[in-house]
file coords-v5.tsv (TSV, N, CA and C atoms and all ligand atoms)
chain	number	residue	atom	x	y	z
A	2	MET	N	16.63	3.90	-9.91
A	2	MET	CA	15.23	3.87	-9.46
A	2	MET	C	14.76	5.28	-9.12
A	3	PRO	N	13.72	5.78	-9.76
A	3	PRO	CA	13.23	7.11	-9.39
A	3	PRO	C	12.55	7.09	-8.03
A	4	THR	N	12.81	8.12	-7.25
A	4	THR	CA	12.12	8.29	-5.97
A	4	THR	C	11.13	9.43	-6.14
A	5	VAL	N	9.88	9.15	-5.82
A	5	VAL	CA	8.81	10.11	-6.09
A	5	VAL	C	8.15	10.52	-4.79
A	6	GLU	N	7.95	11.81	-4.63
A	6	GLU	CA	7.21	12.31	-3.47
A	6	GLU	C	5.73	12.13	-3.77
A	7	VAL	N	5.01	11.44	-2.87
A	7	VAL	CA	3.63	11.11	-3.19
A	7	VAL	C	2.59	11.81	-2.32
A	8	LEU	N	2.97	12.19	-1.09
A	8	LEU	CA	1.94	12.69	-0.16
A	8	LEU	C	2.62	13.30	1.06
A	9	PRO	N	2.08	14.41	1.58
A	9	PRO	CA	2.59	14.86	2.89
A	9	PRO	C	2.21	13.84	3.96
A	10	LEU	N	3.13	13.56	4.87
A	10	LEU	CA	2.82	12.60	5.93
A	10	LEU	C	1.59	13.05	6.73
A	11	ALA	N	1.40	14.35	6.86
A	11	ALA	CA	0.27	14.88	7.63
A	11	ALA	C	-1.08	14.46	7.05
A	12	GLU	N	-1.09	14.05	5.78
A	12	GLU	CA	-2.36	13.63	5.15
A	12	GLU	C	-2.61	12.13	5.28
A	13	LEU	N	-1.71	11.44	6.00
A	13	LEU	CA	-1.87	10.00	6.17
A	13	LEU	C	-1.71	9.65	7.64
A	14	PRO	N	-2.78	9.78	8.43
A	14	PRO	CA	-2.69	9.51	9.87
A	14	PRO	C	-2.28	8.07	10.14
A	15	GLU	N	-1.76	7.84	11.32
A	15	GLU	CA	-1.37	6.48	11.71
A	15	GLU	C	-2.56	5.54	11.60
A	16	GLY	N	-2.30	4.34	11.03
A	16	GLY	CA	-3.35	3.35	10.89
A	16	GLY	C	-4.22	3.55	9.66
A	17	SER	N	-3.77	4.41	8.74
A	17	SER	CA	-4.60	4.64	7.55
A	17	SER	C	-3.87	4.28	6.27
A	18	VAL	N	-4.64	4.20	5.21
A	18	VAL	CA	-4.13	3.87	3.87
A	18	VAL	C	-4.80	4.79	2.87
A	19	ARG	N	-4.02	5.19	1.85
A	19	ARG	CA	-4.58	6.01	0.78
A	19	ARG	C	-4.03	5.55	-0.56
A	20	ALA	N	-4.85	5.69	-1.58
A	20	ALA	CA	-4.38	5.42	-2.95
A	20	ALA	C	-3.74	6.69	-3.49
A	21	VAL	N	-2.62	6.52	-4.19
A	21	VAL	CA	-1.97	7.67	-4.82
A	21	VAL	C	-1.61	7.32	-6.26
A	22	THR	N	-1.69	8.33	-7.08
A	22	THR	CA	-1.39	8.16	-8.49
A	22	THR	C	0.00	8.70	-8.79
A	23	VAL	N	0.80	7.91	-9.47
A	23	VAL	CA	2.09	8.38	-9.99
A	23	VAL	C	2.06	8.09	-11.48
A	24	GLU	N	2.24	9.13	-12.26
A	24	GLU	CA	2.13	8.96	-13.71
A	24	GLU	C	3.08	7.87	-14.20
A	25	GLY	N	2.56	6.98	-15.01
A	25	GLY	CA	3.39	5.93	-15.61
A	25	GLY	C	3.47	4.66	-14.79
A	26	TYR	N	2.80	4.64	-13.64
A	26	TYR	CA	2.83	3.45	-12.77
A	26	TYR	C	1.41	3.04	-12.41
A	27	PRO	N	1.25	1.77	-12.01
A	27	PRO	CA	-0.08	1.36	-11.51
A	27	PRO	C	-0.41	2.16	-10.25
A	28	LEU	N	-1.68	2.28	-9.94
A	28	LEU	CA	-2.11	2.96	-8.73
A	28	LEU	C	-1.40	2.34	-7.52
A	29	LEU	N	-0.93	3.17	-6.61
A	29	LEU	CA	-0.24	2.68	-5.41
A	29	LEU	C	-1.13	2.88	-4.19
A	30	ALA	N	-0.91	2.05	-3.18
A	30	ALA	CA	-1.52	2.25	-1.87
A	30	ALA	C	-0.38	2.57	-0.91
A	31	VAL	N	-0.53	3.67	-0.16
A	31	VAL	CA	0.48	4.01	0.84
A	31	VAL	C	-0.16	3.92	2.22
A	32	TYR	N	0.64	3.44	3.17
A	32	TYR	CA	0.14	3.08	4.50
A	32	TYR	C	0.99	3.77	5.56
A	33	ASN	N	0.35	4.07	6.68
A	33	ASN	CA	1.07	4.54	7.86
A	33	ASN	C	0.79	3.56	9.00
A	34	LEU	N	1.80	2.76	9.32
A	34	LEU	CA	1.67	1.79	10.42
A	34	LEU	C	2.47	2.32	11.60
A	35	GLY	N	1.78	2.95	12.52
A	35	GLY	CA	2.45	3.44	13.72
A	35	GLY	C	3.59	4.40	13.44
A	36	GLY	N	3.44	5.20	12.38
A	36	GLY	CA	4.46	6.20	12.05
A	36	GLY	C	5.46	5.72	11.01
A	37	GLU	N	5.42	4.41	10.68
A	37	GLU	CA	6.28	3.87	9.61
A	37	GLU	C	5.46	3.82	8.34
A	38	VAL	N	6.05	4.22	7.22
A	38	VAL	CA	5.27	4.25	5.98
A	38	VAL	C	5.67	3.11	5.05
A	39	PHE	N	4.69	2.65	4.28
A	39	PHE	CA	4.87	1.53	3.35
A	39	PHE	C	4.09	1.83	2.08
A	40	ALA	N	4.50	1.17	0.99
A	40	ALA	CA	3.78	1.35	-0.27
A	40	ALA	C	3.67	0.00	-0.97
A	41	THR	N	2.51	-0.24	-1.57
A	41	THR	CA	2.28	-1.45	-2.36
A	41	THR	C	1.46	-1.06	-3.59
A	42	ASP	N	1.32	-2.03	-4.50
A	42	ASP	CA	0.31	-1.85	-5.53
A	42	ASP	C	-1.05	-1.73	-4.85
A	43	ASP	N	-1.94	-0.95	-5.46
A	43	ASP	CA	-3.28	-0.80	-4.87
A	43	ASP	C	-4.22	-1.93	-5.28
A	44	LEU	N	-3.94	-2.51	-6.43
A	44	LEU	CA	-4.86	-3.53	-6.98
A	44	LEU	C	-4.65	-4.87	-6.29
A	45	CYS	N	-5.72	-5.44	-5.77
A	45	CYS	CA	-5.67	-6.78	-5.18
A	45	CYS	C	-5.28	-7.79	-6.26
A	46	THR	N	-4.51	-8.81	-5.89
A	46	THR	CA	-4.12	-9.82	-6.88
A	46	THR	C	-5.21	-10.87	-7.08
A	47	HIS	N	-6.27	-10.79	-6.31
A	47	HIS	CA	-7.36	-11.76	-6.46
A	47	HIS	C	-8.46	-11.25	-7.37
A	48	GLY	N	-8.61	-9.95	-7.48
A	48	GLY	CA	-9.69	-9.39	-8.30
A	48	GLY	C	-9.50	-7.89	-8.45
A	49	ASN	N	-10.51	-7.25	-8.99
A	49	ASN	CA	-10.39	-5.85	-9.35
A	49	ASN	C	-10.81	-4.94	-8.18
A	50	ALA	N	-10.09	-5.05	-7.08
A	50	ALA	CA	-10.44	-4.28	-5.89
A	50	ALA	C	-9.30	-3.35	-5.51
A	51	SER	N	-9.65	-2.19	-4.99
A	51	SER	CA	-8.67	-1.22	-4.51
A	51	SER	C	-8.39	-1.51	-3.03
A	52	LEU	N	-7.15	-1.86	-2.75
A	52	LEU	CA	-6.81	-2.17	-1.35
A	52	LEU	C	-6.92	-0.95	-0.46
A	53	ALA	N	-6.78	0.24	-1.05
A	53	ALA	CA	-6.90	1.47	-0.25
A	53	ALA	C	-8.32	1.64	0.29
A	54	GLU	N	-9.26	0.89	-0.26
A	54	GLU	CA	-10.63	0.95	0.26
A	54	GLU	C	-10.88	-0.13	1.31
A	55	GLY	N	-9.84	-0.89	1.61
A	55	GLY	CA	-9.96	-1.93	2.63
A	55	GLY	C	-9.61	-1.40	4.01
A	56	ASP	N	-9.55	-2.33	4.96
A	56	ASP	CA	-9.25	-1.97	6.35
A	56	ASP	C	-7.89	-2.53	6.75
A	57	ILE	N	-7.20	-1.77	7.60
A	57	ILE	CA	-5.93	-2.25	8.16
A	57	ILE	C	-6.22	-2.95	9.47
A	58	GLU	N	-5.68	-4.16	9.60
A	58	GLU	CA	-5.76	-4.88	10.89
A	58	GLU	C	-4.36	-5.32	11.24
A	59	GLY	N	-3.80	-4.72	12.27
A	59	GLY	CA	-2.40	-5.01	12.60
A	59	GLY	C	-1.51	-4.57	11.46
A	60	ASP	N	-0.72	-5.52	10.93
A	60	ASP	CA	0.16	-5.21	9.79
A	60	ASP	C	-0.45	-5.68	8.48
A	61	GLU	N	-1.74	-5.99	8.48
A	61	GLU	CA	-2.37	-6.53	7.26
A	61	GLU	C	-3.39	-5.56	6.69
A	62	ILE	N	-3.50	-5.61	5.36
A	62	ILE	CA	-4.58	-4.89	4.69
A	62	ILE	C	-5.61	-5.94	4.26
A	63	ILE	N	-6.85	-5.66	4.60
A	63	ILE	CA	-7.94	-6.58	4.29
A	63	ILE	C	-8.65	-6.06	3.05
A	64	CYS	N	-8.71	-6.91	2.02
A	64	CYS	CA	-9.34	-6.50	0.76
A	64	CYS	C	-10.85	-6.29	0.97
A	65	PRO	N	-11.39	-5.20	0.40
A	65	PRO	CA	-12.81	-4.92	0.61
A	65	PRO	C	-13.74	-5.87	-0.14
A	66	PHE	N	-13.23	-6.63	-1.11
A	66	PHE	CA	-14.13	-7.48	-1.91
A	66	PHE	C	-14.42	-8.82	-1.24
A	67	HIS	N	-13.39	-9.62	-1.00
A	67	HIS	CA	-13.61	-10.96	-0.46
A	67	HIS	C	-12.87	-11.18	0.86
A	68	GLU	N	-12.35	-10.08	1.41
A	68	GLU	CA	-11.71	-10.11	2.73
A	68	GLU	C	-10.45	-10.98	2.78
A	69	GLY	N	-9.83	-11.19	1.62
A	69	GLY	CA	-8.48	-11.75	1.64
A	69	GLY	C	-7.55	-10.69	2.22
A	70	SER	N	-6.31	-11.11	2.57
A	70	SER	CA	-5.44	-10.11	3.18
A	70	SER	C	-3.98	-10.30	2.77
A	71	PHE	N	-3.24	-9.20	2.93
A	71	PHE	CA	-1.82	-9.16	2.60
A	71	PHE	C	-1.06	-8.53	3.76
A	72	ASP	N	0.18	-8.99	3.93
A	72	ASP	CA	1.09	-8.36	4.88
A	72	ASP	C	1.59	-7.07	4.22
A	73	ILE	N	1.29	-5.94	4.84
A	73	ILE	CA	1.66	-4.64	4.25
A	73	ILE	C	3.17	-4.50	4.16
A	74	ARG	N	3.90	-5.07	5.11
A	74	ARG	CA	5.35	-4.90	5.14
A	74	ARG	C	6.05	-5.70	4.05
A	75	THR	N	5.50	-6.89	3.72
A	75	THR	CA	6.20	-7.78	2.78
A	75	THR	C	5.43	-8.00	1.47
A	76	GLY	N	4.14	-7.72	1.47
A	76	GLY	CA	3.31	-8.00	0.31
A	76	GLY	C	2.77	-9.41	0.26
A	77	GLU	N	3.23	-10.26	1.18
A	77	GLU	CA	2.81	-11.66	1.19
A	77	GLU	C	1.29	-11.80	1.35
A	78	ALA	N	0.70	-12.71	0.58
A	78	ALA	CA	-0.72	-13.01	0.72
A	78	ALA	C	-0.87	-13.87	1.97
A	79	VAL	N	-1.62	-13.39	2.95
A	79	VAL	CA	-1.70	-14.11	4.22
A	79	VAL	C	-3.12	-14.57	4.55
A	80	GLY	N	-4.11	-14.09	3.81
A	80	GLY	CA	-5.48	-14.52	4.11
A	80	GLY	C	-6.20	-14.90	2.83
A	81	PRO	N	-6.84	-16.10	2.80
A	81	PRO	CA	-7.54	-16.51	1.60
A	81	PRO	C	-8.75	-15.62	1.33
A	82	PRO	N	-9.14	-15.49	0.06
A	82	PRO	CA	-8.68	-16.25	-1.10
A	82	PRO	C	-7.42	-15.71	-1.77
A	83	CYS	N	-6.73	-14.75	-1.20
A	83	CYS	CA	-5.53	-14.22	-1.85
A	83	CYS	C	-4.40	-15.24	-1.78
A	84	MET	N	-3.74	-15.47	-2.91
A	84	MET	CA	-2.64	-16.44	-3.00
A	84	MET	C	-1.37	-15.77	-3.54
A	85	VAL	N	-1.54	-14.79	-4.39
A	85	VAL	CA	-0.40	-14.16	-5.07
A	85	VAL	C	-0.03	-12.87	-4.32
A	86	PRO	N	1.23	-12.70	-3.99
A	86	PRO	CA	1.62	-11.50	-3.24
A	86	PRO	C	1.39	-10.21	-4.04
A	87	ILE	N	1.26	-9.10	-3.32
A	87	ILE	CA	1.24	-7.80	-3.99
A	87	ILE	C	2.66	-7.26	-3.99
A	88	ARG	N	2.94	-6.43	-4.97
A	88	ARG	CA	4.27	-5.84	-5.06
A	88	ARG	C	4.42	-4.75	-4.00
A	89	THR	N	5.58	-4.68	-3.40
A	89	THR	CA	5.86	-3.61	-2.43
A	89	THR	C	6.96	-2.71	-2.98
A	90	TYR	N	7.00	-1.50	-2.47
A	90	TYR	CA	7.99	-0.51	-2.90
A	90	TYR	C	8.59	0.14	-1.66
A	91	PRO	N	9.88	0.38	-1.65
A	91	PRO	CA	10.48	1.06	-0.50
A	91	PRO	C	9.87	2.46	-0.32
A	92	ALA	N	9.54	2.79	0.92
A	92	ALA	CA	8.96	4.11	1.19
A	92	ALA	C	9.62	4.68	2.44
A	93	ARG	N	9.72	6.00	2.49
A	93	ARG	CA	10.27	6.65	3.68
A	93	ARG	C	9.78	8.09	3.73
A	94	VAL	N	9.96	8.70	4.89
A	94	VAL	CA	9.55	10.09	5.07
A	94	VAL	C	10.79	10.97	4.98
A	95	VAL	N	10.72	11.97	4.14
A	95	VAL	CA	11.80	12.96	3.99
A	95	VAL	C	11.18	14.34	4.15
A	96	ASP	N	11.64	15.07	5.14
A	96	ASP	CA	11.14	16.43	5.38
A	96	ASP	C	9.61	16.48	5.41
A	97	GLY	N	9.00	15.52	6.08
A	97	GLY	CA	7.56	15.57	6.27
A	97	GLY	C	6.74	15.07	5.09
A	98	ALA	N	7.41	14.55	4.06
A	98	ALA	CA	6.68	14.04	2.90
A	98	ALA	C	7.03	12.57	2.67
A	99	ILE	N	6.05	11.81	2.18
A	99	ILE	CA	6.28	10.39	1.90
A	99	ILE	C	6.88	10.24	0.51
A	100	HIS	N	8.01	9.54	0.45
A	100	HIS	CA	8.69	9.28	-0.82
A	100	HIS	C	8.67	7.78	-1.08
A	101	VAL	N	8.43	7.41	-2.33
A	101	VAL	CA	8.38	6.00	-2.72
A	101	VAL	C	9.39	5.76	-3.83
A	102	GLU	N	10.17	4.68	-3.69
A	102	GLU	CA	11.12	4.29	-4.73
A	102	GLU	C	10.41	3.38	-5.72
A	103	LEU	N	10.44	3.75	-6.97
A	103	LEU	CA	9.73	2.98	-7.99
A	103	LEU	C	10.73	2.41	-8.99
A	104	PRO	N	10.40	1.29	-9.61
A	104	PRO	CA	11.32	0.70	-10.59
A	104	PRO	C	11.39	1.57	-11.84
A	105	ASP	N	12.52	1.49	-12.55
A	105	ASP	CA	12.67	2.27	-13.81
A	105	ASP	C	11.68	1.79	-14.84
B	1	LIG	S1	-10.63	-9.14	-4.93
B	1	LIG	FE1	-9.38	-8.97	-3.16
B	1	LIG	S2	-9.86	-10.78	-2.03
B	1	LIG	FE2	-11.02	-10.98	-3.86
call {"tool": "encode", "arguments": {"input": "coords-v5.tsv", "output": "structure tokens", "more": "lines below"}}
Ligand code: FES
result
Amino acid sequence: MPTVEVLPLAELPEGSVRAVTVEGYPLLAVYNLGGEVFATDDLCTHGNASLAEGDIEGDEIICPFHEGSFDIRTGEAVGPPCMVPIRTYPARVVDGAIHVELPD
């Protein structure tokens, strides 16, 4: 599994989410929950919405289109109309930068 550096942690304050591009992969959303970092697909599974444009509430990302929600930690769809989970990717901070493990 390739591990890709996507963003300096300093550019992702606690409680925020940003979309990041990694060549060859779907757009990712990276999150900072109280200093812990997470990564998921950016595309909502309910429609053509960027989750990075949504709001974080607790451990959930709220989709900006129909306000469905997902658990950022697990990808589980937790708020209707979302039913299908989003994919998650292992993420961690190494030397001040966010690294995401992506499938081959
Ligand atoms: S597109 Fe995300 S909830 Fe509908």
call {"tool": "atom_distance", "arguments": {"input": "coords-v5.tsv", "atom1": "atom N of Glu77 (chain A)", "atom2": "CA of Gly36 (chain A)"}}
result
19.8 Å
call {"tool": "closest_residue", "arguments": {"input": "coords-v5.tsv", "among": "A:Leu103, A:Val18, A:Ile87, A:Ala40", "to": "ligand LIG 1 (chain B)", "atoms": "only C-alpha atoms and all ligand atoms"}}
result
A:Ile87
call {"tool": "residues_near_ligand", "arguments": {"input": "coords-v5.tsv", "ligand": "ligand LIG 1 (chain B)", "cutoff": "6.5 Å", "atoms": "only N, CA and C atoms and all ligand atoms", "output": "PyMOL selection string"}}
result
chain A and resi 45-50+64-70+81-83
call {"tool": "residues_around", "arguments": {"input": "coords-v5.tsv", "residues": "Ser17 (chain A)", "least_positions_apart": "6", "cutoff": "7 Å", "atoms": "all atoms listed in the file", "output": "PyMOL selection string"}}
result
chain A and resi 31-35+57
call {"tool": "select_by_dssp", "arguments": {"input": "coords-v5.tsv", "residues": "region 16-105 of chain A", "states": "strand (DSSP E)", "output": "ChimeraX atom specification"}}
result
/A:17-21,29-34,37-42,56-58,61-63,70-72,78-80,89-90,92-95,98-102
call {"tool": "atom_distance", "arguments": {"input": "coords-v5.tsv", "atom1": "atom C of Gly76 (chain A)", "atom2": "atom C of Arg88 (chain A)"}}
result
6.5 Å
call {"tool": "closest_residue", "arguments": {"input": "coords-v5.tsv", "among": "A:Ile62, A:Val95, A:Val5, A:Val23", "to": "Arg74 (chain A)", "atoms": "only N, CA and C atoms"}}
result
A:Ile62
call {"tool": "closest_residue", "arguments": {"input": "coords-v5.tsv", "among": "A:Leu44, A:Ala11, A:Val79, A:Val38", "to": "Tyr26 (chain A)", "atoms": "only C-alpha atoms"}}
result
A:Leu44
call {"tool": "select_by_dssp", "arguments": {"input": "coords-v5.tsv", "residues": "region 5-52 of chain A", "states": "helix (DSSP H, G or I)", "output": "list in words"}}
result
Leu10, Ala11, Glu12 and Leu52 of chain A
call {"tool": "atom_distance", "arguments": {"input": "coords-v5.tsv", "atom1": "atom N of Gly59 (chain A)", "atom2": "CA of Gly16 (chain A)"}}
result
8.2 Å
call {"tool": "residues_around", "arguments": {"input": "coords-v5.tsv", "residues": "Pro104 (chain A)", "least_positions_apart": "2", "cutoff": "8 Å", "atoms": "all atoms listed in the file", "output": "list in words"}}
result
Met2, Pro3, Thr4, Tyr90, Val101 and Glu102 of chain A
call {"tool": "axis_aligned_box", "arguments": {"input": "coords-v5.tsv", "around": "region 13-19 of chain A", "padding_each_side": "4 Å", "output": "JSON"}}
result
{"center_x": -3.1, "center_y": 7.4, "center_z": 5.6, "size_x": 11.4, "size_y": 16.1, "size_z": 20.3}
call {"tool": "decode", "arguments": {"input": "coords-v5.tsv", "residues": "region 13-30 of chain A", "atoms": "N, CA and C atoms", "output": "PDB file, in the first residue's frame"}}
result
ATOM      1  N   LEU A  13      -4.376  22.176   8.526  1.00  0.00           N
ATOM      2  CA  LEU A  13      -5.666  21.544   8.820  1.00  0.00           C
ATOM      3  C   LEU A  13      -5.962  21.709  10.308  1.00  0.00           C
ATOM      4  N   PRO A  14      -6.512  22.852  10.708  1.00  0.00           N
ATOM      5  CA  PRO A  14      -6.783  23.090  12.131  1.00  0.00           C
ATOM      6  C   PRO A  14      -7.757  22.071  12.701  1.00  0.00           C
ATOM      7  N   GLU A  15      -7.726  21.924  14.004  1.00  0.00           N
ATOM      8  CA  GLU A  15      -8.657  20.991  14.660  1.00  0.00           C
ATOM      9  C   GLU A  15     -10.092  21.350  14.315  1.00  0.00           C
ATOM     10  N   GLY A  16     -10.897  20.314  14.013  1.00  0.00           N
ATOM     11  CA  GLY A  16     -12.297  20.522  13.687  1.00  0.00           C
ATOM     12  C   GLY A  16     -12.537  20.904  12.241  1.00  0.00           C
ATOM     13  N   SER A  17     -11.513  20.740  11.397  1.00  0.00           N
ATOM     14  CA  SER A  17     -11.710  21.133   9.994  1.00  0.00           C
ATOM     15  C   SER A  17     -11.509  19.957   9.053  1.00  0.00           C
ATOM     16  N   VAL A  18     -11.935  20.167   7.823  1.00  0.00           N
ATOM     17  CA  VAL A  18     -11.828  19.157   6.761  1.00  0.00           C
ATOM     18  C   VAL A  18     -11.379  19.860   5.493  1.00  0.00           C
ATOM     19  N   ARG A  19     -10.542  19.154   4.713  1.00  0.00           N
ATOM     20  CA  ARG A  19     -10.111  19.698   3.423  1.00  0.00           C
ATOM     21  C   ARG A  19     -10.087  18.589   2.386  1.00  0.00           C
ATOM     22  N   ALA A  20     -10.366  18.968   1.153  1.00  0.00           N
ATOM     23  CA  ALA A  20     -10.229  18.022   0.042  1.00  0.00           C
ATOM     24  C   ALA A  20      -8.783  18.053  -0.440  1.00  0.00           C
ATOM     25  N   VAL A  21      -8.244  16.879  -0.742  1.00  0.00           N
ATOM     26  CA  VAL A  21      -6.886  16.812  -1.285  1.00  0.00           C
ATOM     27  C   VAL A  21      -6.878  15.881  -2.493  1.00  0.00           C
ATOM     28  N   THR A  22      -6.037  16.236  -3.424  1.00  0.00           N
ATOM     29  CA  THR A  22      -5.911  15.455  -4.645  1.00  0.00           C
ATOM     30  C   THR A  22      -4.657  14.594  -4.575  1.00  0.00           C
ATOM     31  N   VAL A  23      -4.814  13.324  -4.877  1.00  0.00           N
ATOM     32  CA  VAL A  23      -3.669  12.427  -5.039  1.00  0.00           C
ATOM     33  C   VAL A  23      -3.816  11.806  -6.415  1.00  0.00           C
ATOM     34  N   GLU A  24      -2.807  11.996  -7.233  1.00  0.00           N
ATOM     35  CA  GLU A  24      -2.904  11.521  -8.616  1.00  0.00           C
ATOM     36  C   GLU A  24      -3.233  10.029  -8.653  1.00  0.00           C
ATOM     37  N   GLY A  25      -4.211   9.676  -9.465  1.00  0.00           N
ATOM     38  CA  GLY A  25      -4.565   8.269  -9.645  1.00  0.00           C
ATOM     39  C   GLY A  25      -5.627   7.766  -8.685  1.00  0.00           C
ATOM     40  N   TYR A  26      -6.097   8.639  -7.788  1.00  0.00           N
ATOM     41  CA  TYR A  26      -7.115   8.241  -6.808  1.00  0.00           C
ATOM     42  C   TYR A  26      -8.278   9.221  -6.845  1.00  0.00           C
ATOM     43  N   PRO A  27      -9.444   8.769  -6.351  1.00  0.00           N
ATOM     44  CA  PRO A  27     -10.560   9.722  -6.228  1.00  0.00           C
ATOM     45  C   PRO A  27     -10.173  10.822  -5.238  1.00  0.00           C
ATOM     46  N   LEU A  28     -10.816  11.965  -5.349  1.00  0.00           N
ATOM     47  CA  LEU A  28     -10.577  13.060  -4.416  1.00  0.00           C
ATOM     48  C   LEU A  28     -10.773  12.560  -2.982  1.00  0.00           C
ATOM     49  N   LEU A  29      -9.884  12.955  -2.093  1.00  0.00           N
ATOM     50  CA  LEU A  29      -9.980  12.538  -0.685  1.00  0.00           C
ATOM     51  C   LEU A  29     -10.405  13.719   0.176  1.00  0.00           C
ATOM     52  N   ALA A  30     -11.032  13.415   1.296  1.00  0.00           N
ATOM     53  CA  ALA A  30     -11.294  14.413   2.329  1.00  0.00           C
ATOM     54  C   ALA A  30     -10.453  14.025   3.534  1.00  0.00           C
TER      55      ALA A  30
END
